[in-house]
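Peer 1: Quick one: the structure is below, questions incoming.
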Amino acid sequence: MHDYVKIIPVLSIALIASIGWFIKPDAIELHSWHTLIIFLSTIVAIMFNVMPMGAIGILSITVFAITGAAGAISSKKALTDALSGFNSDLIWLIVIAFFIARGFIKTGLGERIALLMICYFGKRTLGLAYALSFADLILAPATPSSTARAGGVMYPIVNALACTFKSYPNDPTRKKMGAYLMMCMSHINDITGTLFITAYAANPLIVKFASSFGVQLSWGDWFIAASIPALISLFFIPIALYFIMKPHIEETLEAHRFATQELAKKGALSWEELMMGITFLGVLLLWVCGANFGIHATTTALIGLSILIVTGVLSWDDIKSEKNAWDTLIWLSALLMMAEFLHKLGFTKWFGTAIGEHLHAMASMHWVIILVVLNAIYTYTHYFFASGTAQVAALYVVFLGVGVKLGIPAYPLALLLGFSSSLYGSLTPYTHARGVILFESGYVTKKEWLSAGFIINLLNQLIFIVVGLAWWKMVGLY
């Protein structure tokens with residue numbers, strides 16, 4: 001057995017699932033129960049990292065096809081059901097965005113953008129934080145991997161910057177600058193993840209789930225809803241972290257020199273970088289305005305990717321080797337497929353009703369109070385998850401259903417839970433792969449991470465609830 005498969009946890013999950021398969025509660029329909037067993041087994045396998053997520057997805061799809069869990073009357077229909085998740089335009093939008101993001105890294109345009117931001121805004125430590133924020137914001141629309149943005153583009157630059165100012169990991173000097181910038185990178189990454197459907201891999205799941213409750217969100221709708229609260233958070237969070245982490249260095253004139261030297265090494269803007277920039281701007285424009293011309297967001301992504309391939313910015317080998325994209329395609333398709341069947345087979349409605357009955361006492365409260373409570377519970381449940389997407393798949397629909405039953409308007413509920421699904425990313429250092437990279441750098445202690453994560457999350461919740469509700473009312477979403 002290969003070391004990337006944890007055989008004992010896999011067998012344990014399989015044994016428990018096999019026993020549960022035959023112990024169906026009377027209140028739940030048989031096929032709904034079987035789908036739930038496979039779905040929960042998948043979530044648990046992801047949480048405990050028993051094997052790579054793509055492999056877990058393949059295994060789940062295979063079991064779903066073999067068992068005909070959704071009630072298929074033939075083996076062909078069972079296979080069609082199991083593979084139905086691949087027929088999702090939202091999933092392909094995210095997958096294609098991964099390919100486009102590779103162009104930023106391959107051409108070096110992403111690094112150039114970050115260095116330019118530092119060159120113009122990096123005269124003080126707080127300015128460096130804003131420079132990194134602007135760079136992350138620019139890259140976010142076409143980078144659904146927070147690991148690619150923070151770990152692949154930003155982290156090497158921040159690490160080099162910190163060392164330039166003699167702020168070293170696993171050393172008292174880490175507080176000079178490195179600890180503050182690392183925490184900024186993580187929290188900024190969460191906020192930019194709320195701004196665009198294509199900035200966070202779980203966002204398409206949220207859009208799909210929300211549509212089951214009548215909440216229809218296009219790429220532009222999502223951006224408009226997130227824009228004001230997210231931009232306010234982007235402004236205040238670096239300031240809040242400045243007081244929490246207290247960097248010892250305030251003026252960073254050396255940062256300008258560092259960025260200038262690095263830009264000089266890169267030389268003039270290459271043709272590949274130019275094509276990457278023009279293509280990205282065109283894709284961004286069509287994502288915002290394409291619906292007016294009858295162009296779907298996923299079609300726009302395909303157009304952008306095709307241009308990058310034809311112009312040679314990306315080769316077919318680049319596409320084939322983008323492991324994160326193909327991995328995401330498989331596990332996201334598996335989760336979406338099972339979540340869709342849980343909804344079609346009535347489990348989601350039944351479970352939401354059951355939970356709603358237990359929380360019936362809250363129905364007499366104003367819906368805003370209920371919204372705040374539900375969102376807080378949903379957010380802090382994340383301490384028990386090691387994957388943001390796993391929590392979205394397991395709990396988003398449940399909390400959305402409960403909230404609707406308790407009288408919360410669907411749009412603000414769906415949006416707040418959706419944005420919280422990105423904002424909770426820095427509560428712990430083990431939540432996302434990006435967090436592990438930044439935490440393992442040695443600049444931030446676990447106590448500092450957990451403390452800052454809790455405080456900043458509270459601030460983000462306050463901003464998105466107060467400003468978000470006012471903004472969504474203003475634009476007519478409820």
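In the structure tokens, the first chain shown is A, the next is B, and so on; residue numbers restart at 1 for each chain, and ligands run from 1 in the order shown.
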Which polymer residues have any atom within 12 Å of an atom of A:Gln391, counting only C-alpha atoms, with same-chain residues fewer than 5 positions away left out, as a PyMOL selection string?
Peer 2: chain A and resi 40+42-44+46-47+202+205-206+335+378-386+396-399+417-418+420-422+424-425+431-432
Peer 1: Would you mind writing down, as a VMD selection string, each residue of stretch 210-456 of chain A that DSSP on the backbone assigns to alpha helix (DSSP H)?
Peer 2: chain A and resid 210 to 211 219 to 245 253 to 266 271 to 289 297 to 310 316 to 320 323 to 344 347 to 358 367 to 380 388 to 391 397 to 405 410 to 423 433 to 440 446 to 456
Peer 1: Which of these residues is nearest to A:Leu462, using only C-alpha atoms: A:Phe243, A:Phe258, A:Phe236, A:Tyr478?
Peer 2: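 Closest candidate: A:Phe236.
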Peer 1: When you count only C-alpha atoms, which of these residues is closest to A:Trp21: A:Leu329, A:Ala410, A:Ala69, A:Ala240?
Peer 2: A:Ala69
Peer 1: Can you measure atom CA of A:Val50 to atom CA of A:Val10 for me? One decimal in Å is fine.
Peer 2: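 These atoms are spaced 6.3 Å apart.
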Peer 1: In Å, how far is it from atom CA of A:Ile377 to atom CA of A:Ala27?
Peer 2: 25.9 Å
Peer 1: I'd like the contact shell of A:Ile319 - 10 Å cut-off, only C-alpha atoms, skipping same-chain residues fewer than 4 positions apart - returned as an mmCIF file with C-alpha atoms, in the first residue's frame.
Peer 2:
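The new file out-v7.cif reads:
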```cif
data_model
loop_
_atom_site.group_PDB
_atom_site.id
_atom_site.type_symbol
_atom_site.label_atom_id
_atom_site.label_comp_id
_atom_site.auth_asym_id
_atom_site.auth_seq_id
_atom_site.Cartn_x
_atom_site.Cartn_y
_atom_site.Cartn_z
ATOM 1 C CA ILE A 96 -10.375 26.821 -16.487
ATOM 2 C CA PHE A 98 -6.838 27.382 -12.622
ATOM 3 C CA PHE A 99 -5.300 27.158 -16.103
ATOM 4 C CA ILE A 100 -5.474 30.924 -16.599
ATOM 5 C CA ARG A 102 -0.960 29.252 -14.302
ATOM 6 C CA GLY A 103 -0.290 31.863 -16.965
ATOM 7 C CA LEU A 305 -7.795 29.952 -22.211
ATOM 8 C CA ILE A 309 -2.953 28.447 -25.904
ATOM 9 C CA LEU A 314 0.413 28.379 -22.272
ATOM 10 C CA SER A 315 1.361 25.104 -23.907
ATOM 11 C CA LYS A 323 -2.558 19.030 -11.237
ATOM 12 C CA ALA A 325 -7.126 21.921 -11.743
ATOM 13 C CA TRP A 326 -7.678 18.254 -12.633
#
```
